[in-house]
file input06.txt (compact mmCIF, C-alpha atoms)
# COMPACT_ATOMS: atom_id res chain seq x y z
CA MET A 1 28.19 22.25 -17.87
CA ARG A 2 26.04 19.19 -17.37
CA GLY A 3 27.96 18.24 -14.23
CA GLY A 4 27.63 21.77 -12.91
CA ALA A 5 23.89 21.73 -13.55
CA LYS A 6 23.55 18.47 -11.63
CA ARG A 7 25.50 19.86 -8.68
CA LEU A 8 23.35 23.01 -8.68
CA TYR A 9 20.19 20.89 -8.80
CA ARG A 10 21.37 18.79 -5.86
CA ALA A 11 22.31 21.92 -3.92
CA ILE A 12 18.73 23.13 -4.35
CA VAL A 13 16.69 19.96 -3.80
CA GLY A 14 19.08 18.07 -1.54
CA PRO A 15 20.86 14.71 -1.90
CA ALA A 16 19.31 11.77 -3.69
CA VAL A 17 17.55 9.20 -1.53
CA ASP A 18 18.72 5.75 -2.57
CA LEU A 19 17.71 3.52 0.34
CA ASP A 20 14.16 2.23 0.46
CA PRO A 21 13.08 1.46 4.04
CA VAL A 22 10.05 -0.53 2.86
CA ARG A 23 12.04 -2.79 0.58
CA ASP A 24 14.55 -3.48 3.35
CA TRP A 25 12.03 -4.02 6.18
CA ARG A 26 11.58 -7.68 7.05
CA GLY A 27 9.33 -7.35 10.09
CA THR A 28 9.88 -8.41 13.69
CA GLY A 29 10.72 -12.09 13.34
CA ASN A 30 12.27 -13.70 16.42
CA PRO A 31 13.36 -17.35 16.60
CA ASP A 32 12.05 -17.55 20.17
CA LEU A 33 8.50 -16.49 19.17
CA PRO A 34 5.71 -17.93 17.05
CA LEU A 35 6.07 -16.51 13.54
CA LEU A 36 3.46 -15.07 11.21
CA ARG A 37 4.67 -14.76 7.62
CA VAL A 38 2.95 -11.89 5.81
CA LEU A 39 3.16 -11.19 2.08
CA HIS A 40 1.92 -7.78 0.91
CA VAL A 41 1.10 -7.16 -2.75
CA GLY A 42 0.08 -3.60 -3.43
CA ASP A 43 0.79 0.07 -3.84
CA CYS A 44 2.32 2.92 -1.84
CA GLY A 45 -0.55 2.92 0.64
CA ILE A 46 1.78 0.79 2.73
CA ARG A 47 4.03 3.80 3.43
CA ARG A 48 3.81 6.51 6.10
CA MET A 49 3.84 9.97 4.51
CA GLU A 50 3.75 13.05 6.72
CA THR A 51 3.80 15.78 4.07
CA SER A 52 3.92 14.95 0.35
CA HIS A 53 3.78 11.73 -1.60
CA ASP A 54 7.16 10.02 -1.34
CA PRO A 55 8.08 6.62 -2.86
CA LYS A 56 10.95 6.34 -0.36
CA ALA A 57 8.81 7.02 2.71
CA PRO A 58 9.11 4.58 5.65
CA ILE A 59 6.85 1.62 6.33
CA GLY A 60 3.48 2.60 7.78
CA PHE A 61 0.63 0.52 9.18
CA PRO A 62 2.33 -2.92 8.83
CA ALA A 63 5.01 -1.80 11.30
CA VAL A 64 2.33 -0.73 13.76
CA ALA A 65 0.58 -4.09 13.39
CA ALA A 66 3.90 -5.94 13.82
CA ASP A 67 4.64 -4.06 17.04
CA ARG A 68 1.22 -4.92 18.46
CA LEU A 69 1.67 -8.59 17.59
CA LEU A 70 5.08 -8.51 19.26
CA GLU A 71 3.43 -7.25 22.44
CA HIS A 72 1.31 -10.41 22.35
CA GLY A 73 4.31 -12.67 21.81
CA VAL A 74 4.00 -13.12 18.05
CA GLY A 75 6.71 -12.18 15.54
CA MET A 76 5.99 -11.05 12.00
CA GLU A 77 8.07 -11.79 8.93
CA PHE A 78 7.19 -9.45 6.07
CA PHE A 79 7.76 -9.02 2.36
CA HIS A 80 6.29 -6.35 0.06
CA TYR A 81 5.79 -6.58 -3.70
CA PHE A 82 4.99 -3.23 -5.31
CA ALA A 83 2.12 -3.12 -7.82
CA ILE A 84 0.49 0.23 -8.47
CA ASN A 85 -2.48 -1.03 -10.51
CA TYR A 86 -4.19 -4.24 -11.58
CA HIS A 87 -2.13 -4.55 -14.76
CA GLU A 88 1.04 -4.81 -12.65
CA LEU A 89 -0.13 -7.63 -10.41
CA PRO A 90 2.57 -10.31 -10.60
CA ASP A 91 2.20 -13.93 -11.57
CA ILE A 92 2.73 -16.50 -8.85
CA GLU A 93 6.05 -17.71 -10.25
CA ARG A 94 7.53 -14.23 -9.94
CA LEU A 95 6.26 -13.84 -6.38
CA GLU A 96 7.83 -17.14 -5.41
CA ARG A 97 11.10 -16.24 -7.11
CA ILE A 98 11.68 -12.88 -5.42
CA SER A 99 9.98 -13.37 -2.06
CA LYS A 100 12.30 -13.13 0.94
CA LEU A 101 9.97 -14.98 3.30
CA SER A 102 11.49 -18.01 4.99
CA GLY A 103 8.52 -20.18 4.01
CA ASP A 104 5.02 -20.11 2.60
CA PRO A 105 3.02 -17.04 3.67
CA ASP A 106 0.42 -17.38 6.41
CA VAL A 107 -1.35 -14.16 5.42
CA ILE A 108 -1.39 -12.43 2.03
CA LEU A 109 -2.49 -8.79 1.96
CA VAL A 110 -3.60 -7.39 -1.40
CA GLN A 111 -3.96 -3.60 -1.40
CA LEU A 112 -4.28 -1.45 -4.50
CA GLY A 113 -6.78 0.52 -6.56
CA GLY A 114 -6.27 4.02 -5.16
CA THR A 115 -4.34 5.13 -8.25
CA TYR A 116 -7.52 5.10 -10.35
CA GLY A 117 -8.74 8.15 -8.44
CA ARG A 118 -5.67 10.26 -9.22
CA ARG A 119 -5.99 13.29 -11.48
CA VAL A 120 -2.82 14.77 -13.00
CA ILE A 121 -1.69 17.39 -15.49
CA VAL A 122 1.79 16.11 -16.35
CA PRO A 123 2.08 12.40 -17.27
CA ASP A 124 3.80 10.09 -14.77
CA VAL A 125 7.11 9.73 -16.60
CA ARG A 126 10.14 8.79 -14.50
CA ARG A 127 12.10 12.06 -14.56
CA THR A 128 9.01 14.19 -13.99
CA MET A 129 8.02 12.09 -11.00
CA GLN A 130 11.55 12.20 -9.61
CA PHE A 131 11.58 16.00 -9.87
CA ARG A 132 8.19 16.27 -8.18
CA TYR A 133 9.17 13.97 -5.33
CA GLU A 134 12.51 15.65 -4.68
CA VAL A 135 11.14 19.20 -4.75
CA SER A 136 8.24 18.22 -2.48
CA ARG A 137 10.62 16.49 -0.10
CA ARG A 138 12.70 19.66 0.09
CA ALA A 139 9.63 21.87 0.59
CA GLY A 140 8.46 19.93 3.64
CA ARG A 141 5.24 21.24 5.13
CA LEU A 142 5.12 24.12 2.64
CA VAL A 143 3.47 21.67 0.24
CA PHE A 144 0.19 22.07 2.14
CA ALA A 145 -0.01 25.74 1.08
CA TRP A 146 1.09 24.84 -2.45
CA TYR A 147 -1.67 22.24 -2.84
CA LYS A 148 -4.33 24.80 -2.02
CA LEU A 149 -3.26 26.64 -5.18
CA LEU A 150 -2.65 23.49 -7.21
CA ARG A 151 -5.95 21.65 -6.73
CA PRO A 152 -8.18 24.15 -8.61
CA VAL A 153 -5.75 24.02 -11.55
CA VAL A 154 -5.74 20.21 -11.62
CA ARG A 155 -9.52 20.18 -11.35
CA VAL A 156 -9.82 22.25 -14.55
CA PHE A 157 -6.86 21.09 -16.64
CA GLY A 158 -6.07 17.64 -15.26
CA HIS A 159 -7.02 14.17 -16.42
CA HIS A 160 -7.09 10.67 -14.96
CA ASN A 161 -3.78 9.06 -15.70
CA SER A 162 -4.90 5.44 -15.20
CA GLU A 163 -8.15 4.22 -16.68
CA TYR A 164 -9.96 1.77 -14.44
CA PRO A 165 -10.10 -1.57 -16.32
CA GLY A 166 -12.56 -3.37 -14.07
CA PRO A 167 -11.77 -6.15 -11.57
CA ALA A 168 -11.02 -9.06 -13.91
CA ARG A 169 -7.24 -9.02 -13.35
CA LEU A 170 -7.71 -8.62 -9.60
CA GLU A 171 -10.05 -11.60 -9.53
CA ARG A 172 -7.60 -13.80 -11.46
CA HIS A 173 -4.81 -12.77 -9.08
CA LEU A 174 -6.82 -13.60 -5.96
CA ASP A 175 -7.79 -16.98 -7.41
CA ALA A 176 -4.15 -17.70 -8.26
CA LEU A 177 -3.01 -16.82 -4.74
CA ARG A 178 -5.59 -19.11 -3.19
CA GLU A 179 -4.70 -21.95 -5.55
CA ARG A 180 -0.96 -21.68 -4.85
CA TRP A 181 -1.23 -21.15 -1.09
CA PRO A 182 -4.49 -22.79 0.01
CA ASP A 183 -3.51 -22.68 3.69
CA ALA A 184 -2.84 -18.93 3.65
CA GLU A 185 -5.45 -16.36 4.56
CA VAL A 186 -5.83 -13.99 1.60
CA VAL A 187 -7.02 -10.54 2.65
CA LEU A 188 -8.19 -7.83 0.25
CA LEU A 189 -7.79 -4.34 1.70
CA VAL A 190 -10.27 -1.91 0.17
CA SER A 191 -8.68 1.39 -0.90
CA PHE A 192 -8.52 4.01 1.83
CA PRO A 193 -11.17 6.72 1.40
CA ARG A 194 -9.65 9.99 0.19
CA SER A 195 -9.86 13.13 2.30
CA ALA A 196 -9.63 15.22 -0.89
CA ILE A 197 -11.15 13.90 -4.10
CA TYR A 198 -11.92 15.50 -7.45
CA PRO A 199 -15.56 15.28 -8.62
CA THR A 200 -14.63 13.13 -11.62
CA ALA A 201 -12.96 10.62 -9.30
CA VAL A 202 -15.99 10.09 -7.07
CA PRO A 203 -17.85 7.63 -9.35
CA ILE A 204 -14.59 5.94 -10.34
CA MET A 205 -13.56 5.22 -6.78
CA ALA A 206 -17.09 4.20 -5.81
CA ARG A 207 -16.91 1.56 -8.53
CA VAL A 208 -13.35 0.50 -7.60
CA GLU A 209 -14.33 0.02 -3.97
CA GLN A 210 -17.59 -1.81 -4.67
CA ASP A 211 -15.90 -4.02 -7.25
CA ALA A 212 -13.27 -4.89 -4.63
CA ARG A 213 -15.96 -5.93 -2.14
CA ASP A 214 -17.82 -8.00 -4.72
CA THR A 215 -14.63 -9.58 -6.08
CA GLY A 216 -13.42 -10.51 -2.61
CA GLU A 217 -16.76 -12.18 -1.89
CA ARG A 218 -16.73 -14.12 -5.18
CA CYS A 219 -13.16 -15.30 -4.56
CA GLY A 220 -13.87 -16.30 -0.98
CA VAL A 221 -11.23 -14.04 0.58
CA THR A 222 -11.43 -11.79 3.61
CA VAL A 223 -12.26 -8.15 2.83
CA LEU A 224 -11.08 -5.48 5.27
CA GLU A 225 -12.09 -1.82 5.15
CA PHE A 226 -10.85 1.12 7.20
CA GLU A 227 -13.37 3.88 6.63
CA ASP A 228 -14.64 3.33 10.16
CA VAL A 229 -11.27 4.35 11.66
CA LEU A 230 -10.13 6.86 9.00
CA GLY A 231 -13.25 8.58 7.74
CA LYS A 232 -12.19 11.43 5.46
CA ASP A 233 -10.12 13.29 8.04
CA PRO A 234 -7.26 15.19 6.32
CA LYS A 235 -5.34 15.18 9.60
CA LEU A 236 -4.74 11.45 9.09
CA ARG A 237 -3.25 11.79 5.62
CA CYS A 238 -0.49 13.44 3.64
CA VAL A 239 -1.18 16.48 1.50
CA ALA A 240 -2.39 14.41 -1.48
CA GLY A 241 -5.31 13.17 0.61
CA TYR A 242 -4.78 9.40 0.24
CA ASN A 243 -1.59 8.11 1.84
CA LEU A 244 -1.62 7.93 5.61
CA ASN A 245 0.56 9.89 7.98
CA GLY A 246 1.78 8.56 11.32
CA ARG A 247 -1.56 8.88 13.12
CA GLY A 248 -3.50 7.36 10.22
CA SER A 249 -1.03 4.50 10.04
CA GLU A 250 -1.49 3.84 13.75
CA LEU A 251 -5.27 3.57 13.40
CA VAL A 252 -5.09 1.20 10.44
CA GLY A 253 -2.26 -0.80 12.00
CA GLU A 254 -4.22 -1.25 15.24
CA LYS A 255 -7.26 -2.56 13.39
CA LEU A 256 -5.16 -4.87 11.22
CA ALA A 257 -3.32 -6.15 14.30
CA GLY A 258 -6.64 -7.03 15.92
CA TRP A 259 -7.63 -9.08 12.89
CA LEU A 260 -4.21 -10.76 12.69
CA LEU A 261 -4.32 -11.74 16.36
CA GLU A 262 -7.73 -13.31 15.83
CA HIS A 263 -6.26 -15.22 12.88
CA VAL A 264 -3.32 -16.41 14.99
CA ARG A 265 -5.62 -17.60 17.79
CA ALA A 266 -7.88 -19.39 15.31
CA ARG A 267 -4.86 -21.10 13.76
CA GLU A 268 -3.57 -22.20 17.18
CA LEU A 269 -6.98 -23.61 18.09
CA SER A 270 -7.14 -25.46 14.77
CA GLU A 271 -3.64 -26.89 15.20
CA GLY A 272 -4.45 -27.88 18.76
CA ALA A 273 -7.63 -29.67 17.68
CA THR A 274 -5.76 -31.46 14.89
CA ALA A 275 -3.04 -32.59 17.31
CA ALA A 276 -5.66 -33.85 19.77
CA VAL A 277 -7.40 -35.89 17.06
CA SER A 278 -4.10 -37.40 15.88
CA ARG A 279 -3.33 -38.56 19.42
call {"tool": "encode", "arguments": {"input": "input06.txt", "output": "structure tokens"}}
result
Amino acid sequence: MRGGAKRLYRAIVGPAVDLDPVRDWRGTGNPDLPLLRVLHVGDCGIRRMETSHDPKAPIGFPAVAADRLLEHGVGMEFFHYFAINYHELPDIERLERISKLSGDPDVILVQLGGTYGRRVIVPDVRRTMQFRYEVSRRAGRLVFAWYKLLRPVVRVFGHHNSEYPGPARLERHLDALRERWPDAEVVLLVSFPRSAIYPTAVPIMARVEQDARDTGERCGVTVLEFEDVLGKDPKLRCVAGYNLNGRGSELVGEKLAGWLLEHVRARELSEGATAAVSR
């Protein structure tokens, strides 16, 4: 009976998705091109989601940025470490152990914090989340109509699943990254603004975002924000209102690529000046 129930479930929701395109994506490295090694530590904001939230969705804005760099003759090597909140930020030893980069990173992107604005009814246990993802994947664009009914219910009966602990762990992580890789450019990406946000989440996310800015300044890292290109346009996001769809990913990727190209040019000028002095 259990086997029959599983087969019926799969007939309804479709086959399981085992491959993770983000985990397997290594960028656009080319031995004939200058190489920029990029390490990303953060949450699912890295993925491109057209309809519902999907932990197996393809890579989003980093792929756009990599393509733009390739057009300028620069390859990108990429590795992503998933951390959904500050408590799950890894220690440096673990990053070094599992990283697939061919050398020390040139740029380290840290991007998380959006989860503190989520409001849920059912706790995020593994099987519940799997069911939600698979049903939503099967429903496709019908989830947009479903969310119009769901949001008022979550607003009344929901709760915030992750309590915001403050920026202390984030600050320690940024300091550790800078200490281990002093030649890398550490970049803190402020959480994307939500196109749909519950009233209770507004002060939480305002604090998360301001703490990120202040922490980045204290730690001496670059802080990048994307509200200027995203605004709160729901047409740039999936149904949940946070993760970016294809168009949103393009806008963020273009802006990130512009910053990365400036970083590459600055590095080339620095290396050229160093070589000239040594001669």
call {"tool": "closest_residue", "arguments": {"input": "input06.txt", "among": "A:Arg138, A:His40, A:Arg26, A:Arg97", "to": "His80 (chain A)", "atoms": "all atoms listed in the file"}}
result
A:His40
call {"tool": "closest_atom_pairs", "arguments": {"input": "input06.txt", "of": "region 133-193 of chain A", "to": "region 259-263 of chain A", "cutoff": "12 Å", "atoms": "all atoms listed in the file", "output": "tab-separated table"}}
result
residue	atom	partner	partner_atom	distance
A:Ala184	CA	A:His263	CA	10.5
A:Glu185	CA	A:His263	CA	8.4
A:Val186	CA	A:His263	CA	11.4
A:Val187	CA	A:Trp259	CA	10.4
call {"tool": "closest_residue", "arguments": {"input": "input06.txt", "among": "A:Ser102, A:Asn30, A:Thr200, A:Thr215", "to": "Tyr116 (chain A)", "atoms": "only C-alpha atoms"}}
result
A:Thr200
call {"tool": "closest_residue", "arguments": {"input": "input06.txt", "among": "A:Cys219, A:Ala66, A:Met76, A:Met49", "to": "Pro31 (chain A)", "atoms": "only C-alpha atoms"}}
result
A:Met76
call {"tool": "closest_residue", "arguments": {"input": "input06.txt", "among": "A:Val41, A:Glu134, A:Gly103, A:Ala83", "to": "Asp18 (chain A)", "atoms": "all atoms listed in the file"}}
result
A:Glu134
call {"tool": "atom_distance", "arguments": {"input": "input06.txt", "atom1": "CA of Val110 (chain A)", "atom2": "CA of His159 (chain A)"}}
result
26.5 Å
call {"tool": "atom_distance", "arguments": {"input": "input06.txt", "atom1": "CA of Asp43 (chain A)", "atom2": "CA of Arg218 (chain A)"}}
result
22.6 Å
call {"tool": "closest_residue", "arguments": {"input": "input06.txt", "among": "A:Ile197, A:Thr115, A:Leu174, A:Pro203", "to": "Ser162 (chain A)", "atoms": "all atoms listed in the file"}}
result
A:Thr115
call {"tool": "atom_distance", "arguments": {"input": "input06.txt", "atom1": "CA of Glu209 (chain A)", "atom2": "CA of Tyr86 (chain A)"}}
result
13.4 Å
call {"tool": "closest_atom_pairs", "arguments": {"input": "input06.txt", "of": "region 219-277 of chain A", "to": "region 54-58 of chain A", "cutoff": "12 Å", "atoms": "all atoms listed in the file", "output": "Markdown table"}}
result
| residue | atom | partner | partner_atom | distance |
| --- | --- | --- | --- | --- |
| A:Cys238 | CA | A:Asp54 | CA | 9.7 |
| A:Val239 | CA | A:Asp54 | CA | 10.9 |
| A:Ala240 | CA | A:Asp54 | CA | 10.5 |
| A:Asn243 | CA | A:Asp54 | CA | 9.5 |
| A:Leu244 | CA | A:Ala57 | CA | 10.9 |
| A:Asn245 | CA | A:Ala57 | CA | 10.2 |
| A:Gly246 | CA | A:Pro58 | CA | 10.1 |
| A:Ser249 | CA | A:Pro58 | CA | 11.0 |
call {"tool": "build_atoms", "arguments": {"input": "input06.txt", "residues": "region 162-173 of chain A", "atoms": "all heavy atoms", "output": "short mmCIF file (atom, residue, chain, number, x, y, z; two decimals), in the frame of the given file"}}
result
data_model
loop_
_atom_site.label_atom_id
_atom_site.label_comp_id
_atom_site.auth_asym_id
_atom_site.auth_seq_id
_atom_site.Cartn_x
_atom_site.Cartn_y
_atom_site.Cartn_z
N SER A 162 -4.71 6.89 -15.08
CA SER A 162 -4.90 5.44 -15.20
C SER A 162 -6.39 5.14 -15.34
O SER A 162 -7.17 5.41 -14.43
CB SER A 162 -4.34 4.71 -13.97
OG SER A 162 -2.95 4.95 -13.83
N GLU A 163 -6.76 4.59 -16.47
CA GLU A 163 -8.15 4.22 -16.68
C GLU A 163 -8.47 2.94 -15.92
O GLU A 163 -7.71 1.97 -15.97
CB GLU A 163 -8.43 4.02 -18.17
CG GLU A 163 -9.87 3.69 -18.48
CD GLU A 163 -10.13 3.54 -19.97
OE1 GLU A 163 -9.19 3.82 -20.76
OE2 GLU A 163 -11.25 3.15 -20.33
N TYR A 164 -9.59 2.95 -15.22
CA TYR A 164 -9.96 1.77 -14.44
C TYR A 164 -10.43 0.66 -15.38
O TYR A 164 -11.40 0.84 -16.12
CB TYR A 164 -11.06 2.12 -13.44
CG TYR A 164 -11.55 0.94 -12.65
CD1 TYR A 164 -10.67 0.11 -11.96
CD2 TYR A 164 -12.91 0.63 -12.59
CE1 TYR A 164 -11.11 -0.97 -11.24
CE2 TYR A 164 -13.36 -0.45 -11.86
CZ TYR A 164 -12.46 -1.25 -11.19
OH TYR A 164 -12.91 -2.34 -10.48
N PRO A 165 -9.77 -0.52 -15.35
CA PRO A 165 -10.10 -1.57 -16.32
C PRO A 165 -11.15 -2.56 -15.85
O PRO A 165 -11.46 -3.52 -16.55
CB PRO A 165 -8.75 -2.27 -16.48
CG PRO A 165 -8.15 -2.18 -15.10
CD PRO A 165 -8.59 -0.85 -14.55
N GLY A 166 -11.69 -2.36 -14.64
CA GLY A 166 -12.56 -3.37 -14.07
C GLY A 166 -11.77 -4.38 -13.25
O GLY A 166 -10.53 -4.37 -13.25
N PRO A 167 -12.44 -5.28 -12.54
CA PRO A 167 -11.77 -6.15 -11.57
C PRO A 167 -11.30 -7.50 -12.09
O PRO A 167 -10.89 -8.34 -11.29
CB PRO A 167 -12.86 -6.34 -10.52
CG PRO A 167 -14.13 -6.37 -11.33
CD PRO A 167 -13.91 -5.41 -12.46
N ALA A 168 -11.33 -7.72 -13.41
CA ALA A 168 -11.02 -9.06 -13.91
C ALA A 168 -9.62 -9.52 -13.52
O ALA A 168 -9.41 -10.66 -13.07
CB ALA A 168 -11.18 -9.10 -15.43
N ARG A 169 -8.62 -8.64 -13.70
CA ARG A 169 -7.24 -9.02 -13.35
C ARG A 169 -7.09 -9.25 -11.85
O ARG A 169 -6.36 -10.15 -11.41
CB ARG A 169 -6.26 -7.95 -13.82
CG ARG A 169 -6.05 -7.93 -15.33
CD ARG A 169 -5.12 -6.79 -15.72
NE ARG A 169 -4.88 -6.75 -17.15
CZ ARG A 169 -3.83 -7.31 -17.76
NH1 ARG A 169 -2.93 -7.94 -17.04
NH2 ARG A 169 -3.68 -7.23 -19.07
N LEU A 170 -7.76 -8.44 -11.05
CA LEU A 170 -7.71 -8.62 -9.60
C LEU A 170 -8.30 -9.97 -9.23
O LEU A 170 -7.73 -10.71 -8.41
CB LEU A 170 -8.48 -7.50 -8.91
CG LEU A 170 -8.65 -7.63 -7.39
CD1 LEU A 170 -7.29 -7.57 -6.70
CD2 LEU A 170 -9.57 -6.54 -6.86
N GLU A 171 -9.41 -10.33 -9.84
CA GLU A 171 -10.05 -11.60 -9.53
C GLU A 171 -9.14 -12.78 -9.89
O GLU A 171 -9.00 -13.74 -9.12
CB GLU A 171 -11.38 -11.71 -10.27
CG GLU A 171 -12.17 -12.95 -9.91
CD GLU A 171 -13.61 -12.87 -10.36
OE1 GLU A 171 -14.07 -11.78 -10.78
OE2 GLU A 171 -14.30 -13.92 -10.28
N ARG A 172 -8.51 -12.71 -11.06
CA ARG A 172 -7.60 -13.80 -11.46
C ARG A 172 -6.43 -13.91 -10.49
O ARG A 172 -5.98 -15.02 -10.16
CB ARG A 172 -7.08 -13.55 -12.88
CG ARG A 172 -8.13 -13.76 -13.96
CD ARG A 172 -7.49 -13.93 -15.33
NE ARG A 172 -6.78 -12.74 -15.75
CZ ARG A 172 -7.33 -11.75 -16.44
NH1 ARG A 172 -8.62 -11.82 -16.78
NH2 ARG A 172 -6.62 -10.71 -16.82
N HIS A 173 -5.94 -12.75 -10.01
CA HIS A 173 -4.81 -12.77 -9.08
C HIS A 173 -5.21 -13.39 -7.74
O HIS A 173 -4.47 -14.22 -7.19
CB HIS A 173 -4.30 -11.35 -8.86
CG HIS A 173 -3.07 -11.26 -8.04
ND1 HIS A 173 -1.84 -11.74 -8.45
CD2 HIS A 173 -2.86 -10.78 -6.78
CE1 HIS A 173 -0.94 -11.54 -7.51
NE2 HIS A 173 -1.54 -10.97 -6.49
#
